[in-house]
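Trainee: What follows is upload_6.cif, made up of mmCIF, C-alpha atoms:
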```cif
data_work
loop_
_atom_site.label_atom_id
_atom_site.label_comp_id
_atom_site.auth_asym_id
_atom_site.auth_seq_id
_atom_site.Cartn_x
_atom_site.Cartn_y
_atom_site.Cartn_z
CA MET M 1 -199.46 26.21 -132.00
CA THR M 2 -196.87 23.57 -132.44
CA THR M 3 -194.89 25.78 -134.76
CA THR M 4 -194.14 28.27 -131.96
CA ASP M 5 -192.89 25.50 -129.60
CA THR M 6 -190.51 23.87 -132.05
CA ALA M 7 -186.95 25.15 -132.21
CA PRO M 8 -185.01 25.33 -135.46
CA PRO M 9 -183.14 22.11 -136.31
CA GLY M 10 -179.82 21.77 -134.54
CA VAL M 11 -180.31 24.57 -132.00
CA GLU M 12 -180.95 22.21 -129.11
CA ASP M 13 -177.89 20.19 -130.09
CA ARG M 14 -175.57 23.14 -130.48
CA GLU M 15 -176.25 25.14 -127.35
CA PRO M 16 -175.53 22.39 -124.77
CA ASN M 17 -172.17 21.88 -126.45
CA LYS M 18 -170.98 25.43 -125.87
CA PRO M 19 -169.62 24.83 -122.36
CA ARG M 20 -167.76 21.76 -123.55
CA GLN M 21 -166.15 23.67 -126.41
CA GLN M 22 -164.93 26.33 -124.04
CA GLY M 23 -163.42 24.10 -121.37
CA GLY M 24 -163.36 20.60 -122.85
CA SER M 25 -160.38 18.51 -123.82
CA SER M 26 -160.98 19.24 -127.51
CA ASP M 27 -159.99 22.89 -127.09
CA PRO M 28 -156.96 23.36 -129.35
CA LYS M 29 -155.69 26.14 -127.09
CA GLY M 30 -155.33 23.88 -124.06
CA TRP M 31 -152.08 22.49 -122.67
CA GLN M 32 -150.47 19.81 -124.82
CA PHE M 33 -147.75 17.56 -123.38
CA ASN M 34 -145.40 17.15 -126.33
CA SER M 35 -141.68 16.88 -127.05
CA PRO M 36 -140.92 20.63 -127.37
CA LEU M 37 -142.66 21.24 -124.04
CA VAL M 38 -140.67 18.48 -122.37
CA LEU M 39 -137.41 19.82 -123.82
CA THR M 40 -138.23 23.34 -122.63
CA MET M 41 -139.02 22.09 -119.13
CA LEU M 42 -135.76 20.12 -119.01
CA LEU M 43 -133.74 23.14 -120.13
CA LEU M 44 -135.38 25.34 -117.50
CA ALA M 45 -134.72 22.71 -114.84
CA GLY M 46 -131.10 22.55 -115.93
CA VAL M 47 -130.71 26.31 -115.62
CA VAL M 48 -132.33 26.40 -112.18
CA LEU M 49 -130.36 23.40 -110.89
CA GLN M 50 -127.06 24.15 -112.60
CA ASP M 51 -125.05 24.34 -109.37
CA PRO M 52 -126.16 20.91 -108.02
CA LEU M 53 -125.77 19.42 -111.49
CA ARG M 54 -122.25 20.83 -111.81
CA GLY M 55 -121.29 19.24 -108.52
CA ALA M 56 -122.82 15.89 -109.47
CA LEU M 57 -121.09 15.82 -112.87
CA SER M 58 -117.72 16.52 -111.27
CA ALA M 59 -117.94 13.37 -109.14
CA PRO M 60 -115.43 10.64 -110.13
CA VAL M 61 -118.17 8.12 -110.94
CA MET M 62 -119.82 10.57 -113.34
CA GLN M 63 -116.48 11.39 -114.96
CA SER M 64 -115.95 7.69 -115.60
CA TRP M 65 -119.51 7.35 -116.90
CA MET M 66 -119.12 10.26 -119.32
CA THR M 67 -115.79 8.95 -120.59
CA VAL M 68 -117.23 5.56 -121.53
CA PHE M 69 -120.42 7.05 -122.97
CA VAL M 70 -118.63 9.56 -125.20
CA ALA M 71 -116.09 6.96 -126.34
CA VAL M 72 -118.81 4.52 -127.43
CA MET M 73 -120.81 7.23 -129.22
CA VAL M 74 -117.83 8.75 -131.06
CA GLN M 75 -116.66 5.34 -132.31
CA ALA M 76 -120.11 4.08 -133.31
CA LEU M 77 -121.78 7.10 -134.95
CA PRO M 78 -119.86 7.06 -138.29
CA PHE M 79 -120.71 3.39 -138.86
CA LEU M 80 -124.33 3.96 -137.84
CA VAL M 81 -124.79 6.84 -140.29
CA LEU M 82 -123.07 4.99 -143.14
CA GLY M 83 -125.13 1.86 -142.48
CA VAL M 84 -128.38 3.84 -142.45
CA LEU M 85 -127.56 5.52 -145.78
CA LEU M 86 -126.62 2.25 -147.45
CA SER M 87 -129.64 0.40 -146.10
CA ALA M 88 -131.90 3.17 -147.45
CA VAL M 89 -130.28 2.83 -150.88
CA ILE M 90 -130.85 -0.94 -150.86
CA ALA M 91 -134.44 -0.66 -149.62
CA VAL M 92 -135.48 2.07 -152.09
CA PHE M 93 -133.42 1.76 -155.27
CA VAL M 94 -132.87 -2.02 -155.54
CA PRO M 95 -136.12 -3.72 -156.62
CA PRO M 96 -137.15 -6.76 -154.55
CA SER M 97 -137.60 -8.74 -157.78
CA PHE M 98 -133.81 -8.66 -158.21
CA PHE M 99 -133.38 -10.95 -155.21
CA ALA M 100 -136.04 -13.34 -156.48
CA ARG M 101 -134.22 -13.73 -159.80
CA ALA M 102 -130.82 -14.14 -158.12
CA LEU M 103 -131.82 -16.99 -155.78
CA PRO M 104 -131.94 -20.69 -156.73
CA ARG M 105 -135.40 -22.17 -157.08
CA LYS M 106 -134.72 -25.04 -154.68
CA PRO M 107 -135.37 -23.80 -151.12
CA ALA M 108 -132.56 -25.91 -149.65
CA LEU M 109 -130.05 -24.14 -151.92
CA ALA M 110 -131.73 -20.73 -151.73
CA VAL M 111 -131.25 -20.57 -147.94
CA PRO M 112 -127.40 -20.47 -147.89
CA VAL M 113 -127.32 -18.22 -150.97
CA ALA M 114 -129.68 -15.76 -149.27
CA GLY M 115 -127.62 -16.01 -146.10
CA MET M 116 -124.41 -15.21 -147.95
CA ALA M 117 -126.16 -12.32 -149.72
CA GLY M 118 -126.19 -10.57 -146.36
CA ALA M 119 -122.39 -10.34 -146.58
CA VAL M 120 -122.53 -8.07 -149.62
CA LEU M 121 -125.73 -6.10 -148.98
CA PRO M 122 -125.27 -3.58 -146.16
CA GLY M 123 -128.23 -2.89 -143.91
CA CYS M 124 -129.21 -2.84 -140.27
CA GLU M 125 -131.89 -5.00 -138.68
CA CYS M 126 -134.41 -2.15 -138.97
CA ALA M 127 -134.08 -2.40 -142.77
CA SER M 128 -133.79 -6.19 -143.05
CA VAL M 129 -137.29 -6.87 -141.69
CA PRO M 130 -139.20 -4.84 -144.32
CA VAL M 131 -136.87 -6.10 -147.06
CA ALA M 132 -137.58 -9.71 -146.02
CA GLY M 133 -141.30 -8.94 -146.07
CA ALA M 134 -140.96 -7.54 -149.58
CA LEU M 135 -139.08 -10.68 -150.69
CA VAL M 136 -141.90 -12.90 -149.45
CA ARG M 137 -144.48 -10.75 -151.24
CA ARG M 138 -142.49 -11.06 -154.47
CA GLY M 139 -142.51 -14.86 -154.33
CA VAL M 140 -139.19 -15.66 -152.64
CA THR M 141 -139.42 -18.80 -150.53
CA PRO M 142 -139.93 -17.79 -146.86
CA ALA M 143 -137.00 -19.94 -145.72
CA ALA M 144 -134.58 -17.91 -147.89
CA ALA M 145 -136.17 -14.59 -146.91
CA LEU M 146 -135.78 -15.43 -143.22
CA ALA M 147 -132.14 -16.45 -143.71
CA PHE M 148 -131.51 -13.07 -145.32
CA LEU M 149 -133.40 -11.32 -142.52
CA LEU M 150 -131.05 -12.81 -139.91
CA SER M 151 -127.76 -12.62 -141.80
CA ALA M 152 -127.92 -9.17 -143.43
CA PRO M 153 -127.64 -7.09 -140.24
CA ALA M 154 -125.00 -9.41 -138.73
CA ILE M 155 -122.41 -10.12 -141.44
CA ASN M 156 -122.57 -7.17 -143.83
CA PRO M 157 -119.35 -5.23 -144.56
CA ILE M 158 -120.24 -2.26 -142.34
CA VAL M 159 -120.88 -4.45 -139.31
CA LEU M 160 -117.75 -6.56 -139.82
CA THR M 161 -115.61 -3.46 -140.31
CA ALA M 162 -117.06 -1.92 -137.15
CA THR M 163 -116.29 -5.15 -135.29
CA ALA M 164 -112.68 -5.06 -136.48
CA VAL M 165 -112.33 -1.45 -135.33
CA ALA M 166 -113.96 -2.17 -131.96
CA PHE M 167 -111.71 -5.21 -131.33
CA PRO M 168 -108.26 -4.15 -132.58
CA GLY M 169 -105.78 -6.99 -132.58
CA GLU M 170 -108.58 -9.58 -132.38
CA PRO M 171 -109.30 -10.69 -135.96
CA ARG M 172 -110.70 -13.92 -134.52
CA MET M 173 -113.66 -11.94 -133.24
CA VAL M 174 -114.59 -10.82 -136.75
CA LEU M 175 -114.31 -14.37 -138.08
CA ALA M 176 -116.25 -15.81 -135.16
CA ARG M 177 -119.08 -13.30 -135.61
CA PHE M 178 -119.28 -14.03 -139.33
CA VAL M 179 -119.29 -17.81 -138.92
CA ALA M 180 -121.69 -17.95 -135.98
CA SER M 181 -124.18 -15.49 -137.49
CA LEU M 182 -124.18 -17.21 -140.88
CA LEU M 183 -124.67 -20.64 -139.27
CA VAL M 184 -127.63 -19.39 -137.22
CA ALA M 185 -129.22 -17.69 -140.25
CA CYS M 186 -128.94 -20.80 -142.43
CA ALA M 187 -130.05 -23.14 -139.65
CA MET M 188 -133.16 -21.05 -138.97
CA GLY M 189 -133.94 -20.97 -142.69
CA TRP M 190 -133.70 -24.74 -142.97
CA LEU M 191 -135.67 -25.13 -139.75
CA TRP M 192 -138.47 -23.01 -141.18
CA GLN M 193 -138.40 -24.99 -144.42
CA ARG M 194 -138.77 -28.18 -142.39
CA LEU M 195 -141.29 -27.15 -139.71
CA GLY M 196 -142.76 -23.81 -140.78
CA ARG M 197 -146.39 -23.42 -141.77
CA ALA M 198 -147.85 -20.94 -144.23
CA ASP M 199 -150.55 -19.75 -141.82
CA TRP M 200 -147.85 -18.61 -139.35
CA LEU M 201 -146.51 -16.09 -141.87
CA ARG M 202 -148.75 -13.12 -142.67
CA PRO M 203 -146.82 -10.31 -144.37
CA PRO M 204 -148.66 -7.02 -145.03
CA ASP M 205 -150.30 -6.47 -148.39
CA ARG M 206 -148.37 -3.33 -149.35
CA PRO M 207 -144.93 -1.89 -148.60
CA SER M 208 -144.95 1.17 -146.39
CA SER M 209 -143.29 3.37 -149.03
CA GLU M 210 -145.93 2.77 -151.71
CA GLY M 211 -147.04 5.96 -153.41
CA LEU M 212 -143.86 7.88 -152.54
CA GLY M 213 -141.20 9.03 -154.97
CA LYS M 214 -137.69 7.61 -154.79
CA GLY M 215 -136.27 10.70 -153.12
CA ALA M 216 -139.06 10.94 -150.55
CA ALA M 217 -138.84 7.23 -149.76
CA PHE M 218 -135.05 7.44 -149.41
CA TRP M 219 -135.06 10.38 -147.00
CA GLY M 220 -138.01 8.93 -145.12
CA SER M 221 -136.07 5.71 -144.61
CA VAL M 222 -132.97 7.66 -143.52
CA ARG M 223 -134.91 9.79 -141.03
CA HIS M 224 -136.70 6.76 -139.59
CA ASP M 225 -133.54 4.68 -139.17
CA VAL M 226 -131.48 7.54 -137.76
CA MET M 227 -134.13 8.40 -135.17
CA HIS M 228 -134.75 4.82 -134.12
CA ALA M 229 -131.28 3.34 -134.43
CA GLY M 230 -129.68 6.47 -132.98
CA GLY M 231 -132.00 6.37 -130.00
CA PHE M 232 -131.20 2.74 -129.32
CA LEU M 233 -127.49 3.50 -129.67
CA VAL M 234 -127.76 6.21 -127.00
CA VAL M 235 -129.58 3.83 -124.68
CA GLY M 236 -126.98 1.14 -125.29
CA ALA M 237 -124.09 3.51 -124.69
CA MET M 238 -125.71 4.72 -121.47
CA ALA M 239 -126.22 1.14 -120.30
CA ALA M 240 -122.60 0.20 -121.10
CA ALA M 241 -121.33 3.28 -119.28
CA THR M 242 -123.54 2.48 -116.28
CA LEU M 243 -122.25 -1.08 -116.14
CA LYS M 244 -118.68 0.18 -116.18
CA ALA M 245 -119.07 3.05 -113.73
CA VAL M 246 -121.92 2.21 -111.33
CA VAL M 247 -122.35 -1.54 -111.02
CA PRO M 248 -119.88 -2.94 -108.46
CA ALA M 249 -117.02 -4.79 -110.09
CA ASP M 250 -117.51 -7.86 -107.93
CA TRP M 251 -121.11 -8.26 -109.18
CA LEU M 252 -120.03 -8.30 -112.79
CA GLY M 253 -117.03 -10.40 -111.80
CA HIS M 254 -119.29 -13.13 -110.42
CA ALA M 255 -121.38 -13.16 -113.62
CA ALA M 256 -118.34 -12.92 -115.88
CA GLY M 257 -116.48 -15.63 -113.98
CA ASN M 258 -119.05 -18.30 -114.81
CA PRO M 259 -118.83 -19.28 -118.51
CA VAL M 260 -122.48 -20.31 -118.79
CA VAL M 261 -123.92 -17.42 -116.78
CA SER M 262 -121.79 -14.83 -118.61
CA VAL M 263 -123.06 -15.98 -122.01
CA LEU M 264 -126.69 -15.93 -120.86
CA VAL M 265 -126.33 -12.53 -119.18
CA LEU M 266 -124.94 -10.82 -122.27
CA ALA M 267 -127.41 -12.62 -124.56
CA VAL M 268 -130.34 -11.33 -122.50
CA LEU M 269 -128.68 -7.90 -122.32
CA ALA M 270 -128.50 -7.82 -126.13
CA VAL M 271 -132.25 -8.46 -126.31
CA LEU M 272 -133.06 -5.75 -123.78
CA LEU M 273 -130.73 -3.04 -125.10
CA SER M 274 -131.84 -3.42 -128.75
CA ILE M 275 -128.72 -1.74 -130.16
CA CYS M 276 -128.31 -1.26 -133.90
CA SER M 277 -125.90 -3.80 -135.39
CA GLU M 278 -123.65 -1.07 -136.81
CA ALA M 279 -122.89 0.07 -133.25
CA ASP M 280 -123.21 -2.98 -130.99
CA ALA M 281 -119.56 -4.03 -131.39
CA PHE M 282 -118.39 -0.90 -129.58
CA VAL M 283 -120.73 -1.57 -126.67
CA ALA M 284 -119.54 -5.20 -126.52
CA ALA M 285 -115.90 -4.10 -126.63
CA SER M 286 -116.46 -1.90 -123.56
CA LEU M 287 -117.61 -4.92 -121.51
CA THR M 288 -114.03 -6.03 -120.91
CA GLN M 289 -114.81 -8.01 -117.75
CA PHE M 290 -116.64 -10.62 -119.86
CA SER M 291 -114.98 -13.26 -122.01
CA LEU M 292 -114.77 -13.03 -125.77
CA THR M 293 -117.25 -15.89 -126.08
CA ALA M 294 -119.82 -14.08 -123.94
CA ARG M 295 -119.34 -10.92 -125.98
CA LEU M 296 -119.69 -12.98 -129.14
CA ALA M 297 -123.09 -14.15 -127.90
CA PHE M 298 -124.00 -10.47 -127.42
CA LEU M 299 -123.02 -9.73 -131.03
CA VAL M 300 -124.79 -12.75 -132.52
CA VAL M 301 -128.07 -12.48 -130.57
CA GLY M 302 -128.57 -8.70 -130.82
CA PRO M 303 -128.94 -8.31 -134.61
CA MET M 304 -131.27 -11.33 -134.78
CA ILE M 305 -133.72 -10.85 -131.95
CA ASP M 306 -134.29 -7.98 -129.55
CA LEU M 307 -137.26 -5.97 -128.33
CA LYS M 308 -137.56 -3.71 -131.37
CA LEU M 309 -137.06 -6.63 -133.79
CA PHE M 310 -139.76 -8.64 -132.06
CA ALA M 311 -142.17 -5.73 -132.50
CA MET M 312 -141.17 -5.27 -136.15
CA GLN M 313 -141.44 -8.99 -136.90
CA THR M 314 -144.88 -9.06 -135.29
CA ALA M 315 -146.03 -6.14 -137.42
CA THR M 316 -144.51 -7.54 -140.63
CA PHE M 317 -145.19 -11.28 -140.39
CA GLY M 318 -147.80 -11.65 -137.66
CA ARG M 319 -147.85 -12.42 -133.95
CA GLY M 320 -148.00 -16.19 -134.44
CA PHE M 321 -144.79 -16.07 -136.43
CA ALA M 322 -142.93 -13.85 -133.95
CA LEU M 323 -143.93 -15.93 -130.92
CA ARG M 324 -142.40 -19.02 -132.51
CA PHE M 325 -139.50 -17.48 -134.43
CA ALA M 326 -138.04 -15.28 -131.68
CA PRO M 327 -137.50 -17.96 -128.97
CA ALA M 328 -136.10 -20.42 -131.50
CA THR M 329 -133.69 -17.80 -132.86
CA PHE M 330 -132.53 -16.79 -129.37
CA THR M 331 -131.88 -20.38 -128.29
CA LEU M 332 -130.04 -21.32 -131.47
CA ALA M 333 -127.98 -18.11 -131.43
CA VAL M 334 -126.82 -18.74 -127.85
CA LEU M 335 -125.88 -22.34 -128.58
CA VAL M 336 -124.08 -21.65 -131.85
CA SER M 337 -122.17 -18.63 -130.51
CA SER M 338 -121.03 -20.68 -127.51
CA LEU M 339 -119.77 -23.50 -129.76
CA VAL M 340 -118.08 -21.16 -132.24
CA GLY M 341 -116.52 -19.17 -129.41
CA ALA M 342 -115.15 -22.35 -127.84
CA VAL M 343 -113.52 -23.30 -131.13
CA LEU M 344 -112.32 -19.96 -132.53
CA LEU M 345 -111.82 -17.85 -129.43
#
```
As a first step, turn the structure in this file into structure tokens.
Mentor:
Amino acid sequence: MTTTDTAPPGVEDREPNKPRQQGGSSDPKGWQFNSPLVLTMLLLAGVVLQDPLRGALSAPVMQSWMTVFVAVMVQALPFLVLGVLLSAVIAVFVPPSFFARALPRKPALAVPVAGMAGAVLPGCECASVPVAGALVRRGVTPAAALAFLLSAPAINPIVLTATAVAFPGEPRMVLARFVASLLVACAMGWLWQRLGRADWLRPPDRPSSEGLGKGAAFWGSVRHDVMHAGGFLVVGAMAAATLKAVVPADWLGHAAGNPVVSVLVLAVLAVLLSICSEADAFVAASLTQFSLTARLAFLVVGPMIDLKLFAMQTATFGRGFALRFAPATFTLAVLVSSLVGAVLL
């Protein structure tokens, strides 16, 4: 009889899966390579290798490295935390429609107004990208939104104050950073108004904080910016300390001795390090072998285009936009910072 040869539905499917459930990759009890596991392994390695590590840390080069690293971190952290808190307040509690009402209707006039708005609205580059996307969604002309995107993280009060603290006795550096960054932001806005195309700009349909309460959105923004900006600050401080303590002085001397090469080296370094704008002045101040103009290029390029900004701009406005906007911004920032540095510094 066929009824005696037919198994109940699903039996043939379930039984072959038993071996896979016991030893397969979907077993929730298997090893998982995650952050707590990595931290535990590092702590155990530190305990086991404490004697060699103690000897390595007592070397003169490591003492110099730790001195520079701690100095950069201690000076930069208060400005980073304050900037993150203020940027979260702006992003969450100030409606994007406020900016649309405050800007002139003519794009040519809206660009410099939006650029100057960055001087009174604190925020780092991590916050300026989503805010610019929200402005475009609310009907602000893209040229003005892009001018705000570039100027806000570069000329806001927190960044300028941090620059003054990092360069004591050099008020020209604060003025040069303000002028150069504002010129680049406005020039890129006008350039987009002249040559930009609507199909290059594809902002997302909804803001990432939609559906969240004000408190949840605020603390979510703070946690995100602290984790990301803080991580980039640590990497930047480590790189600055390495340049000071490990790289031979004659290598940096050759690069720093050539005015053109020094500007290009620090501009590229700003892109690679991706340091938050509230902290980059302290890293630039530690690069004393380079001229003030080269360090100005570092401060102008970094808040406008770096690796994390390129990724954020791609996600917010589309790959076609980022591939055109990033190289143009980098080139213009290098040229303008060199000209402003030659005049003011």
Trainee: Just checking: using all atoms listed in the file, which residue out of M:Leu146, M:Ala154, M:Leu299, M:Val120 ends up closest to Pro107 (chain M)?
Mentor: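 Ranked by minimum distance to Pro107 (chain M), first place goes to M:Leu146.
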Trainee: For CA of Thr161 (chain M) and CA of Phe310 (chain M), determine how far apart the two atoms are, in Å to one decimal place.
Mentor: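 So the answer is 26.0 Å.
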Trainee: Counting only C-alpha atoms, what is within 10 Å of Leu103 (chain M), bar same-chain residues fewer than 4 positions away, as a ChimeraX atom specification?
Mentor: /M:98-99,107,109-114,117,140-141,144
Trainee: Give me, as a PDB file with C-alpha atoms, in the frame of the given file, all polymer residues having an atom no more than 12 Å from Met304 (chain M), counting only C-alpha atoms and skipping those fewer than 5 positions away in the same chain.
Mentor:
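To be explicit, this is the file written out as part.pdb:
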```
ATOM      1  CA  CYS M 124    -129.210  -2.840-140.270  1.00  0.00           C
ATOM      2  CA  GLU M 125    -131.890  -5.000-138.680  1.00  0.00           C
ATOM      3  CA  CYS M 126    -134.410  -2.150-138.970  1.00  0.00           C
ATOM      4  CA  SER M 128    -133.790  -6.190-143.050  1.00  0.00           C
ATOM      5  CA  VAL M 129    -137.290  -6.870-141.690  1.00  0.00           C
ATOM      6  CA  LEU M 146    -135.780 -15.430-143.220  1.00  0.00           C
ATOM      7  CA  ALA M 147    -132.140 -16.450-143.710  1.00  0.00           C
ATOM      8  CA  PHE M 148    -131.510 -13.070-145.320  1.00  0.00           C
ATOM      9  CA  LEU M 149    -133.400 -11.320-142.520  1.00  0.00           C
ATOM     10  CA  LEU M 150    -131.050 -12.810-139.910  1.00  0.00           C
ATOM     11  CA  SER M 151    -127.760 -12.620-141.800  1.00  0.00           C
ATOM     12  CA  ALA M 152    -127.920  -9.170-143.430  1.00  0.00           C
ATOM     13  CA  PRO M 153    -127.640  -7.090-140.240  1.00  0.00           C
ATOM     14  CA  ALA M 154    -125.000  -9.410-138.730  1.00  0.00           C
ATOM     15  CA  ILE M 155    -122.410 -10.120-141.440  1.00  0.00           C
ATOM     16  CA  ALA M 180    -121.690 -17.950-135.980  1.00  0.00           C
ATOM     17  CA  SER M 181    -124.180 -15.490-137.490  1.00  0.00           C
ATOM     18  CA  LEU M 182    -124.180 -17.210-140.880  1.00  0.00           C
ATOM     19  CA  VAL M 184    -127.630 -19.390-137.220  1.00  0.00           C
ATOM     20  CA  ALA M 185    -129.220 -17.690-140.250  1.00  0.00           C
ATOM     21  CA  MET M 188    -133.160 -21.050-138.970  1.00  0.00           C
ATOM     22  CA  ALA M 267    -127.410 -12.620-124.560  1.00  0.00           C
ATOM     23  CA  ALA M 270    -128.500  -7.820-126.130  1.00  0.00           C
ATOM     24  CA  VAL M 271    -132.250  -8.460-126.310  1.00  0.00           C
ATOM     25  CA  SER M 274    -131.840  -3.420-128.750  1.00  0.00           C
ATOM     26  CA  ILE M 275    -128.720  -1.740-130.160  1.00  0.00           C
ATOM     27  CA  CYS M 276    -128.310  -1.260-133.900  1.00  0.00           C
ATOM     28  CA  SER M 277    -125.900  -3.800-135.390  1.00  0.00           C
ATOM     29  CA  ALA M 297    -123.090 -14.150-127.900  1.00  0.00           C
ATOM     30  CA  PHE M 298    -124.000 -10.470-127.420  1.00  0.00           C
ATOM     31  CA  LEU M 299    -123.020  -9.730-131.030  1.00  0.00           C
ATOM     32  CA  LEU M 309    -137.060  -6.630-133.790  1.00  0.00           C
ATOM     33  CA  PHE M 310    -139.760  -8.640-132.060  1.00  0.00           C
ATOM     34  CA  MET M 312    -141.170  -5.270-136.150  1.00  0.00           C
ATOM     35  CA  GLN M 313    -141.440  -8.990-136.900  1.00  0.00           C
ATOM     36  CA  ALA M 322    -142.930 -13.850-133.950  1.00  0.00           C
ATOM     37  CA  PHE M 325    -139.500 -17.480-134.430  1.00  0.00           C
ATOM     38  CA  ALA M 326    -138.040 -15.280-131.680  1.00  0.00           C
ATOM     39  CA  PRO M 327    -137.500 -17.960-128.970  1.00  0.00           C
ATOM     40  CA  ALA M 328    -136.100 -20.420-131.500  1.00  0.00           C
ATOM     41  CA  THR M 329    -133.690 -17.800-132.860  1.00  0.00           C
ATOM     42  CA  PHE M 330    -132.530 -16.790-129.370  1.00  0.00           C
ATOM     43  CA  THR M 331    -131.880 -20.380-128.290  1.00  0.00           C
ATOM     44  CA  LEU M 332    -130.040 -21.320-131.470  1.00  0.00           C
ATOM     45  CA  ALA M 333    -127.980 -18.110-131.430  1.00  0.00           C
ATOM     46  CA  VAL M 334    -126.820 -18.740-127.850  1.00  0.00           C
TER      47      VAL M 334
END
```
Trainee: Excluding region 245-254 of chain M and residues on its chain fewer than 6 positions from it, collect all residues at most 10 Å away from it, counting all atoms listed in the file, and give them as number ranges by chain.
Mentor: M: 60-68, 239, 261-262, 265, 287, 289-290
Trainee: Evaluate the PyMOL selection byres ((chain M and resi 171-177) around 9) here and jot the selected residues down as a PyMOL selection string.
Mentor: chain M and resi 154-155+160-161+163-164+167-170+178-182+292-293+296-297+299-300+337+340-341+343-345
Trainee: Between CA of Val94 (chain M) and CA of Val131 (chain M), what is the distance in Å, rounded to a tenth?
Mentor: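 Going from CA of Val94 (chain M) over to CA of Val131 (chain M), I get 10.2 Å.
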Trainee: How many Å lie between CA of Ala294 (chain M) and CA of Ala342 (chain M), rounded to one decimal?
Mentor: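 So the answer is 10.3 Å.
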Trainee: Which neighbours of Lys214 (chain M) fall inside 8 Å, counting all atoms listed in the file, when residues of the same chain fewer than 3 positions from it are skipped, and could you give them as a count of residues only?
Mentor: 4
Trainee: Looking at all atoms listed in the file, which of M:Leu135, M:Leu201, M:Leu44, M:Ala216 is the one that sits closest to Ala102 (chain M)?
Mentor: M:Leu135
Trainee: I need the residue nearest Ala162 (chain M) from this list: M:Gly46, M:Pro52, M:Pro78, M:Pro259. Use only C-alpha atoms for the distance.
Mentor: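 Closest to Ala162 (chain M) of all the choices is M:Pro78.
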Trainee: When you look at Val74 (chain M) with a cut-off of 12 Å (counting all atoms listed in the file), what residues show up, excluding the ones that are within fewer than 6 positions of it in the same chain? I need them as a list in words.
Mentor: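 My list of contacting residues is Met66, Thr67, Val68, Leu80, Val81, Ala166, Leu233, Val234, Ala237, Ala279, Phe282 and Val283 of chain M.
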Trainee: I'd like to know which of M:Leu85, M:Gly118, M:Pro104, M:Phe69 is closest to Thr242 (chain M), using only C-alpha atoms.
Mentor: M:Phe69
Trainee: What do you get, as a PyMOL selection string, if you spell out every residue that the PyMOL selection byres ((chain M and resi 200) around 8) selects here?
Mentor: chain M and resi 196-199+201-202+317-318+320-321
Trainee: Just C-alpha atoms for this one: save the residues we selected as a tab-separated table (two decimals), keeping the file's coordinate frame.
Mentor:
```
chain	number	residue	atom	x	y	z
M	196	GLY	CA	-142.76	-23.81	-140.78
M	197	ARG	CA	-146.39	-23.42	-141.77
M	198	ALA	CA	-147.85	-20.94	-144.23
M	199	ASP	CA	-150.55	-19.75	-141.82
M	201	LEU	CA	-146.51	-16.09	-141.87
M	202	ARG	CA	-148.75	-13.12	-142.67
M	317	PHE	CA	-145.19	-11.28	-140.39
M	318	GLY	CA	-147.80	-11.65	-137.66
M	320	GLY	CA	-148.00	-16.19	-134.44
M	321	PHE	CA	-144.79	-16.07	-136.43
```
Trainee: Considering only C-alpha atoms, state which residue in the set M:Gly215, M:Gly257, M:Pro142, M:Pro157 is at the smallest distance from Gly189 (chain M).
Mentor: M:Pro142
Trainee: With all atoms listed in the file as the basis for distance, which of M:Leu269, M:Met116, M:Leu43, M:Leu77 is at the shortest distance from Val301 (chain M)?
Mentor: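 For Val301 (chain M), the nearest of the given residues is M:Leu269.
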